[in-house]
Each structure stands twice: as C-alpha cells, then as structure tokens.
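Visitor: Sharing final_27.csv, CSV, C-alpha atoms:
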```
chain,number,residue,atom,x,y,z
A,7,GLU,CA,8.7,34.1,-23.9
A,8,GLY,CA,10.2,31.7,-21.4
A,9,GLY,CA,8.0,33.1,-18.7
A,10,ASN,CA,4.9,32.6,-20.8
A,11,SER,CA,6.0,28.9,-21.4
A,12,ILE,CA,6.3,28.3,-17.7
A,13,VAL,CA,2.8,29.9,-17.1
A,14,GLU,CA,1.3,27.7,-19.8
A,15,VAL,CA,2.9,24.5,-18.3
A,16,ILE,CA,1.5,25.4,-14.8
A,17,LYS,CA,-1.9,26.0,-16.4
A,18,SER,CA,-1.8,22.6,-18.0
A,19,PHE,CA,-1.4,20.9,-14.7
A,20,ASN,CA,-4.6,19.9,-12.8
A,21,LEU,CA,-4.0,22.1,-9.7
A,22,ARG,CA,-7.1,20.7,-8.0
A,23,TYR,CA,-5.2,17.5,-7.3
A,24,VAL,CA,-2.2,19.5,-6.1
A,25,LYS,CA,-4.4,21.6,-3.7
A,26,LEU,CA,-6.3,18.5,-2.4
A,27,GLN,CA,-3.1,16.5,-1.9
A,28,PHE,CA,-1.6,19.4,0.1
A,29,ILE,CA,-4.7,19.3,2.4
A,30,TRP,CA,-4.4,15.5,2.8
A,31,LEU,CA,-0.7,16.0,3.7
A,32,ILE,CA,-1.4,18.6,6.3
A,33,CYS,CA,-4.2,16.4,7.8
A,34,GLY,CA,-1.9,13.4,7.6
A,35,LEU,CA,0.8,15.3,9.6
A,36,PHE,CA,-1.8,16.1,12.2
A,37,LEU,CA,-2.8,12.4,12.5
A,38,LEU,CA,0.9,11.4,12.7
A,39,ALA,CA,1.5,13.8,15.6
A,40,MET,CA,-1.6,12.4,17.3
A,41,VAL,CA,-0.4,8.8,16.9
A,42,VAL,CA,3.1,9.7,18.2
A,43,SER,CA,1.7,11.4,21.3
A,44,ILE,CA,-0.1,8.3,22.5
A,45,ASP,CA,1.8,5.2,23.7
A,46,TYR,CA,1.5,2.5,21.1
A,47,ASN,CA,0.4,0.0,23.8
A,48,THR,CA,-2.6,2.2,24.6
A,49,ILE,CA,-3.4,2.3,20.9
A,50,GLY,CA,-3.1,-1.5,20.8
A,51,ASP,CA,-5.7,-1.8,23.6
A,52,TYR,CA,-8.3,-0.2,21.2
A,53,SER,CA,-7.1,-2.0,18.1
A,54,SER,CA,-9.9,-4.6,18.1
A,55,ILE,CA,-12.5,-1.8,18.1
A,56,PHE,CA,-10.8,-0.1,15.1
A,57,TYR,CA,-10.6,-3.5,13.4
A,58,TRP,CA,-14.3,-4.2,13.6
A,59,ILE,CA,-15.2,-0.6,12.5
A,60,VAL,CA,-13.1,-1.2,9.4
A,61,ILE,CA,-14.8,-4.6,8.8
A,62,VAL,CA,-18.2,-2.9,9.0
A,63,LEU,CA,-17.0,-0.2,6.5
A,64,LEU,CA,-15.7,-2.9,4.1
A,65,ILE,CA,-19.2,-4.6,4.3
A,66,ILE,CA,-20.8,-1.3,3.4
A,67,VAL,CA,-18.5,-1.0,0.4
A,68,GLU,CA,-19.5,-4.5,-0.7
A,69,VAL,CA,-23.2,-3.6,-0.4
A,70,ALA,CA,-23.4,0.0,-1.5
A,71,GLY,CA,-20.0,1.2,-2.4
A,72,ALA,CA,-19.3,3.9,-5.0
A,73,VAL,CA,-17.9,2.6,-8.3
A,74,ARG,CA,-15.0,4.2,-10.1
A,75,GLY,CA,-13.7,2.7,-13.4
A,76,ASN,CA,-14.2,-1.1,-13.0
A,77,ALA,CA,-13.8,-1.1,-9.2
A,78,GLN,CA,-16.2,-0.7,-6.2
A,79,ARG,CA,-13.9,0.4,-3.5
A,80,TRP,CA,-15.2,3.7,-2.0
A,81,ILE,CA,-17.8,5.1,0.3
A,82,ALA,CA,-19.1,8.4,-1.0
A,83,ILE,CA,-19.6,11.2,1.5
A,84,GLY,CA,-21.0,14.2,-0.5
A,85,SER,CA,-18.4,15.0,-3.2
A,86,PHE,CA,-15.6,13.2,-1.3
A,87,THR,CA,-14.9,9.5,-1.0
A,88,ILE,CA,-13.0,7.3,1.5
A,89,GLN,CA,-11.4,3.9,0.8
A,90,PRO,CA,-11.8,1.6,3.8
A,91,ALA,CA,-9.5,-1.0,2.3
A,92,GLU,CA,-6.5,1.4,3.0
A,93,PHE,CA,-7.4,1.5,6.7
A,94,ALA,CA,-7.8,-2.3,6.7
A,95,LYS,CA,-4.0,-2.5,6.4
A,96,LEU,CA,-3.5,-0.5,9.6
A,97,ALA,CA,-6.3,-2.5,11.4
A,98,VAL,CA,-4.7,-5.9,10.6
A,99,ILE,CA,-1.2,-4.6,11.5
A,100,LEU,CA,-2.4,-3.5,14.9
A,101,THR,CA,-4.7,-6.5,15.7
A,102,GLY,CA,-2.3,-9.0,14.2
A,103,ALA,CA,0.6,-7.6,16.2
A,104,LYS,CA,-1.5,-7.7,19.4
A,105,THR,CA,-2.7,-11.2,18.8
A,106,LEU,CA,0.8,-12.6,18.0
A,107,SER,CA,2.5,-10.8,20.9
A,108,LYS,CA,0.3,-12.6,23.4
A,109,ASN,CA,1.8,-15.9,22.2
A,110,GLU,CA,5.4,-15.9,23.4
A,111,LEU,CA,5.8,-19.7,23.3
A,112,GLU,CA,9.2,-21.0,22.1
A,113,GLU,CA,7.7,-23.9,20.3
A,114,LYS,CA,4.9,-22.8,18.0
A,115,ARG,CA,2.5,-25.0,16.2
A,116,PHE,CA,0.1,-24.3,13.4
A,117,LYS,CA,-2.9,-23.9,15.8
A,118,ASP,CA,-1.0,-21.1,17.6
A,119,PHE,CA,-1.2,-19.0,14.4
A,120,LEU,CA,-4.8,-19.6,13.7
A,121,PRO,CA,-6.2,-16.6,15.6
A,122,VAL,CA,-4.1,-14.1,13.6
A,123,ILE,CA,-4.7,-15.9,10.3
A,124,ALA,CA,-8.5,-15.6,11.0
A,125,ARG,CA,-8.0,-11.8,11.7
A,126,PHE,CA,-6.5,-11.4,8.2
A,127,ALA,CA,-8.8,-13.8,6.4
A,128,LEU,CA,-11.9,-11.7,6.9
A,129,PRO,CA,-10.7,-8.4,5.3
A,130,ILE,CA,-8.9,-10.4,2.6
A,131,PHE,CA,-12.2,-12.1,1.7
A,132,LEU,CA,-14.0,-8.8,1.7
A,133,VAL,CA,-11.6,-6.9,-0.6
A,134,ILE,CA,-10.3,-9.6,-3.0
A,135,GLN,CA,-13.0,-9.3,-5.6
A,136,ASN,CA,-12.9,-5.5,-5.9
A,137,ASP,CA,-9.2,-4.9,-4.9
A,138,LEU,CA,-6.8,-7.7,-5.7
A,139,GLY,CA,-3.8,-5.5,-5.0
A,140,THR,CA,-4.9,-4.7,-1.4
A,141,SER,CA,-5.6,-8.3,-0.7
A,142,MET,CA,-2.0,-9.2,-1.9
A,143,VAL,CA,-0.6,-6.5,0.4
A,144,LEU,CA,-2.6,-7.9,3.4
A,145,MET,CA,-1.1,-11.4,2.6
A,146,VAL,CA,2.4,-10.0,2.5
A,147,ILE,CA,1.9,-8.3,5.9
A,148,LEU,CA,0.5,-11.6,7.3
A,149,PHE,CA,3.4,-13.8,6.1
A,150,SER,CA,6.0,-11.2,7.2
A,151,MET,CA,4.6,-11.2,10.8
A,152,LEU,CA,4.3,-15.0,10.9
A,153,PHE,CA,7.9,-15.3,9.6
A,154,VAL,CA,9.2,-12.9,12.3
A,155,MET,CA,7.3,-14.8,15.0
A,156,GLY,CA,9.0,-18.1,14.1
A,157,MET,CA,6.6,-19.9,11.8
A,158,SER,CA,8.6,-22.8,10.4
A,159,TYR,CA,9.6,-22.9,6.7
A,160,LYS,CA,7.7,-26.2,6.5
A,161,LEU,CA,4.4,-24.3,7.4
A,162,ILE,CA,5.2,-21.4,5.1
A,163,PHE,CA,5.9,-23.6,2.1
A,164,GLY,CA,2.7,-25.6,3.1
A,165,PHE,CA,0.7,-22.4,2.8
A,166,LEU,CA,2.3,-21.6,-0.6
A,167,GLY,CA,1.4,-25.1,-1.7
A,168,ILE,CA,-2.2,-24.6,-0.7
A,169,GLY,CA,-2.1,-21.3,-2.6
A,170,VAL,CA,-1.0,-23.1,-5.8
A,171,ILE,CA,-3.8,-25.7,-5.3
A,172,VAL,CA,-6.5,-23.0,-4.6
A,173,ALA,CA,-5.3,-20.6,-7.4
A,174,PRO,CA,-7.5,-22.2,-10.1
A,175,ILE,CA,-10.6,-21.9,-7.8
A,176,MET,CA,-9.7,-18.3,-7.1
A,177,TRP,CA,-9.2,-17.6,-10.9
A,178,PHE,CA,-12.6,-19.0,-12.0
A,179,ASN,CA,-14.8,-18.0,-8.9
A,180,PHE,CA,-13.3,-14.9,-7.3
A,181,LEU,CA,-11.3,-12.9,-9.9
A,182,THR,CA,-13.3,-10.6,-12.2
A,183,PRO,CA,-12.8,-10.7,-16.0
A,184,VAL,CA,-10.9,-7.3,-15.6
A,185,GLN,CA,-8.5,-8.8,-13.1
A,186,GLN,CA,-8.0,-11.9,-15.2
A,187,THR,CA,-7.2,-9.8,-18.2
A,188,ARG,CA,-4.7,-7.7,-16.3
A,189,ILE,CA,-2.8,-10.8,-15.2
A,190,LEU,CA,-2.8,-12.2,-18.8
A,191,VAL,CA,-1.6,-8.8,-20.1
A,192,PHE,CA,1.2,-8.7,-17.5
A,193,LEU,CA,2.4,-12.0,-19.0
A,194,ASN,CA,2.1,-10.6,-22.5
A,195,PRO,CA,1.4,-6.8,-22.9
A,196,SER,CA,1.1,-7.1,-26.6
A,197,LEU,CA,-1.9,-9.4,-26.1
A,198,ASP,CA,-4.1,-6.3,-26.0
A,199,PRO,CA,-2.0,-3.3,-27.0
A,200,THR,CA,-5.0,-0.9,-27.5
A,201,GLY,CA,-6.9,-2.1,-24.4
A,202,ASP,CA,-5.5,-3.3,-21.1
A,203,GLY,CA,-1.9,-3.6,-22.4
A,204,TYR,CA,-2.0,0.0,-23.5
A,205,HIS,CA,-1.3,1.3,-19.9
A,206,VAL,CA,1.8,-0.8,-19.5
A,207,ILE,CA,3.2,-0.1,-23.0
A,208,GLN,CA,2.7,3.7,-22.5
A,209,SER,CA,4.3,3.6,-19.0
A,210,VAL,CA,7.4,1.7,-20.2
A,211,MET,CA,7.7,4.2,-23.1
A,212,ALA,CA,7.5,7.2,-20.7
A,213,ILE,CA,10.2,5.7,-18.4
A,214,GLY,CA,12.4,4.9,-21.4
A,215,SER,CA,12.0,8.4,-22.9
A,216,GLY,CA,13.3,10.0,-19.6
A,217,ARG,CA,16.8,8.7,-20.3
A,218,LEU,CA,19.4,9.9,-17.7
A,219,THR,CA,18.3,13.3,-16.7
A,220,GLY,CA,14.7,13.5,-17.9
A,221,LYS,CA,12.6,15.6,-20.3
A,222,SER,CA,12.0,19.3,-19.7
A,223,LEU,CA,8.4,19.9,-18.7
A,224,LEU,CA,8.6,23.1,-20.7
A,225,SER,CA,8.8,21.1,-23.9
A,226,GLY,CA,5.2,20.2,-23.4
A,227,ASN,CA,5.6,16.9,-25.2
A,228,THR,CA,5.9,14.4,-22.4
A,229,LEU,CA,3.5,11.4,-22.6
A,230,SER,CA,1.9,12.5,-19.3
A,231,GLN,CA,1.2,16.0,-20.5
A,232,LEU,CA,-0.1,14.7,-23.8
A,233,ASN,CA,-2.5,12.4,-21.9
A,234,PHE,CA,-1.1,9.2,-23.3
A,235,LEU,CA,-0.2,8.0,-19.8
A,236,PRO,CA,-3.2,6.7,-17.9
A,237,GLU,CA,-3.8,7.7,-14.2
A,238,PRO,CA,-0.6,9.8,-14.1
A,239,HIS,CA,-1.4,11.2,-10.6
A,240,THR,CA,-2.1,7.8,-8.9
A,241,ASP,CA,-1.1,4.4,-10.3
A,242,PHE,CA,1.5,5.6,-12.8
A,243,ILE,CA,3.0,8.5,-10.9
A,244,TYR,CA,6.4,6.9,-11.0
A,245,SER,CA,6.4,6.9,-14.8
A,246,VAL,CA,5.8,10.7,-14.7
A,247,ILE,CA,8.7,11.1,-12.2
A,248,VAL,CA,11.1,9.2,-14.3
A,249,GLU,CA,10.0,10.8,-17.6
A,250,ALA,CA,10.5,14.2,-16.1
A,251,LEU,CA,13.6,13.6,-14.0
A,252,GLY,CA,15.2,10.6,-15.8
A,253,PHE,CA,17.0,7.7,-14.3
A,254,LEU,CA,18.7,9.9,-11.7
A,255,GLY,CA,15.3,11.1,-10.4
A,256,GLY,CA,13.9,7.6,-10.4
A,257,ILE,CA,16.8,6.1,-8.5
A,258,THR,CA,16.7,9.0,-6.0
A,259,VAL,CA,13.1,8.1,-5.2
A,260,ILE,CA,14.1,4.4,-4.6
A,261,ILE,CA,17.1,5.4,-2.4
A,262,LEU,CA,14.8,7.6,-0.3
A,263,TYR,CA,12.4,4.7,0.2
A,264,GLY,CA,15.4,2.5,1.0
A,265,ILE,CA,16.4,4.9,3.8
A,266,ILE,CA,12.9,4.8,5.3
A,267,ILE,CA,12.8,1.0,5.2
A,268,ILE,CA,16.3,0.5,6.7
A,269,ARG,CA,15.7,3.0,9.5
A,270,SER,CA,12.3,1.3,10.3
A,271,ILE,CA,14.0,-2.1,10.5
A,272,GLN,CA,16.6,-0.6,12.9
A,273,ILE,CA,13.7,0.6,15.0
A,274,ALA,CA,12.1,-2.8,15.0
A,275,ARG,CA,15.3,-4.5,16.1
A,276,LYS,CA,15.6,-2.0,19.1
A,277,ALA,CA,11.9,-2.2,20.1
A,278,LYS,CA,11.3,-2.8,23.8
A,279,ASP,CA,8.6,-5.5,23.2
A,280,THR,CA,7.3,-8.0,20.7
A,281,PHE,CA,4.1,-5.9,20.1
A,282,GLY,CA,6.2,-2.9,19.0
A,283,GLN,CA,8.5,-5.0,16.9
A,284,LEU,CA,5.5,-6.6,15.0
A,285,ILE,CA,3.9,-3.2,14.4
A,286,VAL,CA,7.0,-1.9,12.7
A,287,ILE,CA,7.5,-5.2,10.7
A,288,GLY,CA,3.9,-4.9,9.5
A,289,VAL,CA,4.4,-1.3,8.4
A,290,VAL,CA,7.7,-2.1,6.6
A,291,SER,CA,6.1,-5.1,4.8
A,292,MET,CA,3.1,-2.9,3.8
A,293,GLN,CA,5.4,-0.2,2.4
A,294,MET,CA,7.7,-2.6,0.6
A,295,ALA,CA,4.8,-4.4,-1.0
A,296,HIS,CA,3.5,-1.1,-2.3
A,297,ILE,CA,6.8,0.2,-3.5
A,298,PHE,CA,7.8,-3.1,-5.3
A,299,GLU,CA,4.4,-3.6,-6.9
A,300,ASN,CA,3.8,0.0,-8.0
A,301,ILE,CA,7.3,0.6,-9.5
A,302,GLY,CA,7.2,-3.0,-10.9
A,303,MET,CA,3.9,-2.5,-12.7
A,304,THR,CA,5.1,0.8,-14.2
A,305,MET,CA,8.1,-1.1,-15.7
A,306,GLY,CA,6.0,-4.0,-16.9
A,307,ILE,CA,7.5,-6.5,-14.5
A,308,MET,CA,4.5,-6.8,-12.2
A,309,PRO,CA,0.7,-7.0,-13.1
A,310,VAL,CA,-1.3,-3.8,-13.0
A,311,THR,CA,-3.3,-3.9,-9.8
A,312,GLY,CA,-3.9,-0.2,-9.0
A,313,ILE,CA,-1.5,-0.2,-6.0
A,314,PRO,CA,-0.4,3.4,-5.3
A,315,LEU,CA,3.1,4.7,-4.4
A,316,PRO,CA,3.5,5.6,-0.7
A,317,PHE,CA,3.6,9.4,0.1
A,318,VAL,CA,3.6,10.2,-3.7
A,319,SER,CA,0.4,8.9,-5.3
A,320,TYR,CA,-2.7,11.2,-5.0
A,321,GLY,CA,-5.3,10.1,-2.5
A,322,GLY,CA,-6.5,11.1,0.9
A,323,SER,CA,-7.2,7.7,2.4
A,324,PHE,CA,-3.8,6.4,1.2
A,325,MET,CA,-1.9,9.5,2.5
A,326,TRP,CA,-3.5,9.2,5.9
A,327,THR,CA,-2.8,5.5,6.1
A,328,ASN,CA,0.9,6.0,5.4
A,329,MET,CA,1.2,9.0,7.8
A,330,ILE,CA,-0.5,7.0,10.6
A,331,ALA,CA,1.8,4.0,9.8
A,332,LEU,CA,4.9,6.2,9.9
A,333,GLY,CA,3.6,7.7,13.2
A,334,LEU,CA,3.3,4.1,14.6
A,335,VAL,CA,7.0,3.4,13.6
A,336,LEU,CA,8.2,6.7,15.2
A,337,ASN,CA,6.0,5.9,18.3
A,338,VAL,CA,7.8,2.5,18.8
A,339,GLY,CA,11.2,4.2,18.2
A,340,MET,CA,10.5,6.9,20.8
A,341,ARG,CA,9.5,4.4,23.4
A,342,ARG,CA,12.2,1.8,23.0
A,343,GLN,CA,13.3,2.6,26.5
A,344,LYS,CA,11.1,3.1,29.5
A,345,ILE,CA,10.7,6.9,30.1
A,346,LYS,CA,12.0,7.9,33.6
A,347,PHE,CA,11.0,11.0,35.4
```
Translate the structure of the given file into structure tokens.
Guide:
Amino acid sequence: EGGNSIVEVIKSFNLRYVKLQFIWLICGLFLLAMVVSIDYNTIGDYSSIFYWIVIVLLIIVEVAGAVRGNAQRWIAIGSFTIQPAEFAKLAVILTGAKTLSKNELEEKRFKDFLPVIARFALPIFLVIQNDLGTSMVLMVILFSMLFVMGMSYKLIFGFLGIGVIVAPIMWFNFLTPVQQTRILVFLNPSLDPTGDGYHVIQSVMAIGSGRLTGKSLLSGNTLSQLNFLPEPHTDFIYSVIVEALGFLGGITVIILYGIIIIRSIQIARKAKDTFGQLIVIGVVSMQMAHIFENIGMTMGIMPVTGIPLPFVSYGGSFMWTNMIALGLVLNVGMRRQKIKF
C-alpha cells in the first residue's frame, strides 16, 4: 500500500518540468565548462558585441514578444521560449565591468561614471514596463559596482534622492496596473485576498504549515499538491521546499546560498585585476538580489515581482544565466595568478 502511495505521488508531479529542467541543467553545465575554459579577459573583449545582441533581442520582445500571464517577456521559437532579460544581466555585468575597469583614477567624479550608467540605463528602460523585478536587479548590480569602484556616499545618496523624486513619475507613467496592484498588495495583502493578495497569503500559509521538519509528500495534502499555491515550480518554489522540508530544509537552502556568496566574495578579493573583481561583484549582487527578493516575497516581506530563485526555479534562460555567471566567477578564481609554463 505504501508503494502504491509513492507511485501516486510521483504521478501527481508534472514530470515534464523535471525532465526539461534536467536538460537545462546539463546544457548549463556545458556552458559553464565553456566559459571556464576561455580567459575572462578574452570574454571581456567580446562583451560589447554580446551587449548589443541582447539589446536587439530586448527590442524584439518589446515589439513582438510572446505574452504569458500579464507579462510580455519572451521570444517564442517553436514550442520553446527564451527570455532575453535574463541574459541582459550577464551583458551589463561584463560591459559594466569592462567600462569601469578602464577608469583607474584615484579621484573619481560623477562624469567618470556616466559611461557605465548609460550602459545600464538602456536595458533598464527596455525591461521596466514588462519586468519590474529584472530592472530592480539591474539597478542593484549597477550600484554594487559603483560602490566598489569608489563612488562617494554623497553621489549614492544623491541618486537615491533622485529616485524618490522620480518615483511618482514612474508610478503613473511606466508601471502597469498589475505592477501597481502588486506593490499595494505587498503593503497590505488583505487588500485583495482573493486576487493579487491570494498568492502571498497562500505562500505564507504553506511556509507556516511546514513547521520544523516539513509535511510528508505522501500525505497528499500539501498546498502545492492541492494546487492552492500559484507558480510552485518557479516564483514560489521556496514555499514548496519549506512546506515539504520544514524550517530545517528552508534554512539549509539559505546556508548553501551563503556559502556560494562568501566563496565568491573571497574570489573577488583575490582577483588579479579590477575587471575580474568587478565581474564577481556583479554576479554576487545579482544572486543576492534574486535570493533576497524571491525568499522575501514568499514570506510576504517583499513585493511579488516574479523574480526566480537561482539554480532552483524552473526555467532554461534563468538556469543558463546562473551557470554562465558561476562559470565567470570560477574563471576569475582560476586565473587569480598568472599561469606559468
């Protein structure tokens, strides 16, 4: 009888996602190996070409992108889709690092940062209306790089001040009604408990029901199995993990992410040049933004923006982006000393 229960649970899973995610993982490992095998300075020489290819793809998405749910973020190729906004993160990390590393002046003024700000501004402008979450991640990457390169606190707070002034303009002219509602629901989930607030309420309930060690999947009464939890394979995957494995499983995932972040920062500190250091800082800030936002939104402490969880959420474009990013970090770590023959 126990065997039959296990078979029924396995049948209840959508194995199509599992099979495809395994394919994305294998392809991602191949891309990681390719990135590691080429010196990151050589990759940097072609970063501008990669950047403009991504910009063209983002424009195609704006003009004729495939729509899913309420968002237009994909380019359809037959039955499969790619999400150029994910690759935009890699493009700005590489071109941003290349642009900033050329400027090694001790005393840096605002105009010295304008070229890299312009590099980030274009993709942010192209994605903000359909993908607020990705535009926020790009901004985090930009400010992390500028901070490491010595932008003064006065300039950083100046940018934040401009952001506060521009916020009303963004709210009324750039954010869609869906994005506005998500932000309002974040401030008060009970504002729309059967609509946009439903996702957050169900997610928090799933996390709470996991308790210390989690619910057995064999029970068949988890919120994710009963389809109460929206997007359980992408946006709310962390809720599924905590519901099934409890607090211990959830904290284990966070600890593993912490190890990746700490090891990456150590690689950045030992990098042989500024370009390598900035690449790693860009990757770390990208991953931290994703981890903090995704886990935060499942707990109701961050707005729901559709930001996936690195290496865990389903999606080919996202898996490949993370694998390439990890490859770049390993690349910098391997080449921290000049290779002698």
Visitor: Give me the residues near stretch 334-343 of chain A as a list in words, where near means some atom within 6 Å (using all atoms listed in the file) and where sequence neighbours in that chain fewer than 2 positions away do not count.
Guide: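 Counting all atoms listed in the file, the residues come to Val42, Ile273, Ala277, Lys278, Gly282, Val286, Ala331 and Leu332 of chain A.
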Visitor: Atom CA of A:Ile29 and atom CA of A:Gly288 are how many Å apart?
Guide: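 These two atoms are separated by 26.6 Å.
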Visitor: Given only C-alpha atoms as the basis, pick out the residue of A:Met155, A:Ile307, A:Ile257, A:Leu132 nearest to A:Val210.
Guide: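 When distances to A:Val210 are compared using only C-alpha atoms, the smallest one comes from A:Ile307.
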Visitor: Counting all atoms listed in the file, what is within 9 Å of A:Gly306, bar same-chain residues fewer than 3 positions away, as a list of chain:residue names?
Guide: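 My reading of the contact set: A:Phe192, A:Pro195, A:Val206, A:Ile207, A:Ser209, A:Val210, A:Ile301, A:Gly302, A:Met303, A:Pro309, A:Val310.
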Visitor: Return the single residue from A:Val290, A:Leu262, A:Leu35, A:Leu128 that is closest to A:Met151, with distances computed using all atoms listed in the file.
Guide: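 Among the listed residues, A:Val290 lies closest to A:Met151.
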Visitor: Give me the residues near A:Lys221 as a ChimeraX atom specification, where near means some atom within 7 Å (using only C-alpha atoms) and where sequence neighbours in that chain fewer than 6 positions away do not count.
Guide: /A:249-251
Visitor: Quick check, in Å to one decimal: how far apart do atom CA of A:Ala103 and atom CA of A:Arg79 lie?
Guide: 25.7 Å
Visitor: Using only C-alpha atoms, which residue out of A:Val170, A:Ile267, A:Leu190, A:Leu64 lies closest to A:Asn136?
Guide: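 Of A:Val170, A:Ile267, A:Leu190, A:Leu64, the one nearest A:Asn136 is A:Leu64, counting only C-alpha atoms.
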Visitor: Kindly provide, as an NGL selection string, the polymer residues lying within 12 Å of (1.1, -17.0, 17.3), counting only C-alpha atoms and using the coordinates exactly as they appear in the file.
Guide: :A and (102-125 or 148-149 or 151-158 or 280-281 or 284)
Visitor: Create the file for the chosen residues now, containing C-alpha atoms and written as a PDB file, keeping the file's coordinate frame.
Guide:
```pdb
ATOM      1  CA  GLY A 102      -2.300  -9.000  14.200  1.00  0.00           C
ATOM      2  CA  ALA A 103       0.600  -7.600  16.200  1.00  0.00           C
ATOM      3  CA  LYS A 104      -1.500  -7.700  19.400  1.00  0.00           C
ATOM      4  CA  THR A 105      -2.700 -11.200  18.800  1.00  0.00           C
ATOM      5  CA  LEU A 106       0.800 -12.600  18.000  1.00  0.00           C
ATOM      6  CA  SER A 107       2.500 -10.800  20.900  1.00  0.00           C
ATOM      7  CA  LYS A 108       0.300 -12.600  23.400  1.00  0.00           C
ATOM      8  CA  ASN A 109       1.800 -15.900  22.200  1.00  0.00           C
ATOM      9  CA  GLU A 110       5.400 -15.900  23.400  1.00  0.00           C
ATOM     10  CA  LEU A 111       5.800 -19.700  23.300  1.00  0.00           C
ATOM     11  CA  GLU A 112       9.200 -21.000  22.100  1.00  0.00           C
ATOM     12  CA  GLU A 113       7.700 -23.900  20.300  1.00  0.00           C
ATOM     13  CA  LYS A 114       4.900 -22.800  18.000  1.00  0.00           C
ATOM     14  CA  ARG A 115       2.500 -25.000  16.200  1.00  0.00           C
ATOM     15  CA  PHE A 116       0.100 -24.300  13.400  1.00  0.00           C
ATOM     16  CA  LYS A 117      -2.900 -23.900  15.800  1.00  0.00           C
ATOM     17  CA  ASP A 118      -1.000 -21.100  17.600  1.00  0.00           C
ATOM     18  CA  PHE A 119      -1.200 -19.000  14.400  1.00  0.00           C
ATOM     19  CA  LEU A 120      -4.800 -19.600  13.700  1.00  0.00           C
ATOM     20  CA  PRO A 121      -6.200 -16.600  15.600  1.00  0.00           C
ATOM     21  CA  VAL A 122      -4.100 -14.100  13.600  1.00  0.00           C
ATOM     22  CA  ILE A 123      -4.700 -15.900  10.300  1.00  0.00           C
ATOM     23  CA  ALA A 124      -8.500 -15.600  11.000  1.00  0.00           C
ATOM     24  CA  ARG A 125      -8.000 -11.800  11.700  1.00  0.00           C
ATOM     25  CA  LEU A 148       0.500 -11.600   7.300  1.00  0.00           C
ATOM     26  CA  PHE A 149       3.400 -13.800   6.100  1.00  0.00           C
ATOM     27  CA  MET A 151       4.600 -11.200  10.800  1.00  0.00           C
ATOM     28  CA  LEU A 152       4.300 -15.000  10.900  1.00  0.00           C
ATOM     29  CA  PHE A 153       7.900 -15.300   9.600  1.00  0.00           C
ATOM     30  CA  VAL A 154       9.200 -12.900  12.300  1.00  0.00           C
ATOM     31  CA  MET A 155       7.300 -14.800  15.000  1.00  0.00           C
ATOM     32  CA  GLY A 156       9.000 -18.100  14.100  1.00  0.00           C
ATOM     33  CA  MET A 157       6.600 -19.900  11.800  1.00  0.00           C
ATOM     34  CA  SER A 158       8.600 -22.800  10.400  1.00  0.00           C
ATOM     35  CA  THR A 280       7.300  -8.000  20.700  1.00  0.00           C
ATOM     36  CA  PHE A 281       4.100  -5.900  20.100  1.00  0.00           C
ATOM     37  CA  LEU A 284       5.500  -6.600  15.000  1.00  0.00           C
TER      38      LEU A 284
END
```
Visitor: Between A:Tyr263, A:Phe56, A:Trp30, A:Tyr244, which has the minimum distance to A:Ser323 (counting only C-alpha atoms)?
Guide: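 So, comparing all the options, the nearest one is A:Trp30.
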Visitor: Please, what distance in Å, to one decimal, runs between atom CA of A:Gln293 and atom CA of A:Gly264?
Guide: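 Between atom CA of A:Gln293 and atom CA of A:Gly264 the gap is 10.5 Å.
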Visitor: Calculated over all atoms listed in the file, which of the candidates A:Thr240, A:Ser270, A:Thr140, A:Asn194 has the smallest distance to A:Ala295?
Guide: A:Thr140
Visitor: Would you mind listing what lies within 9 Å of A:Phe324 as a PyMOL selection string, with all atoms listed in the file counted and same-chain residues fewer than 5 positions away left out?
Guide: chain A and resi 89+92-93+314+316-317+319+329
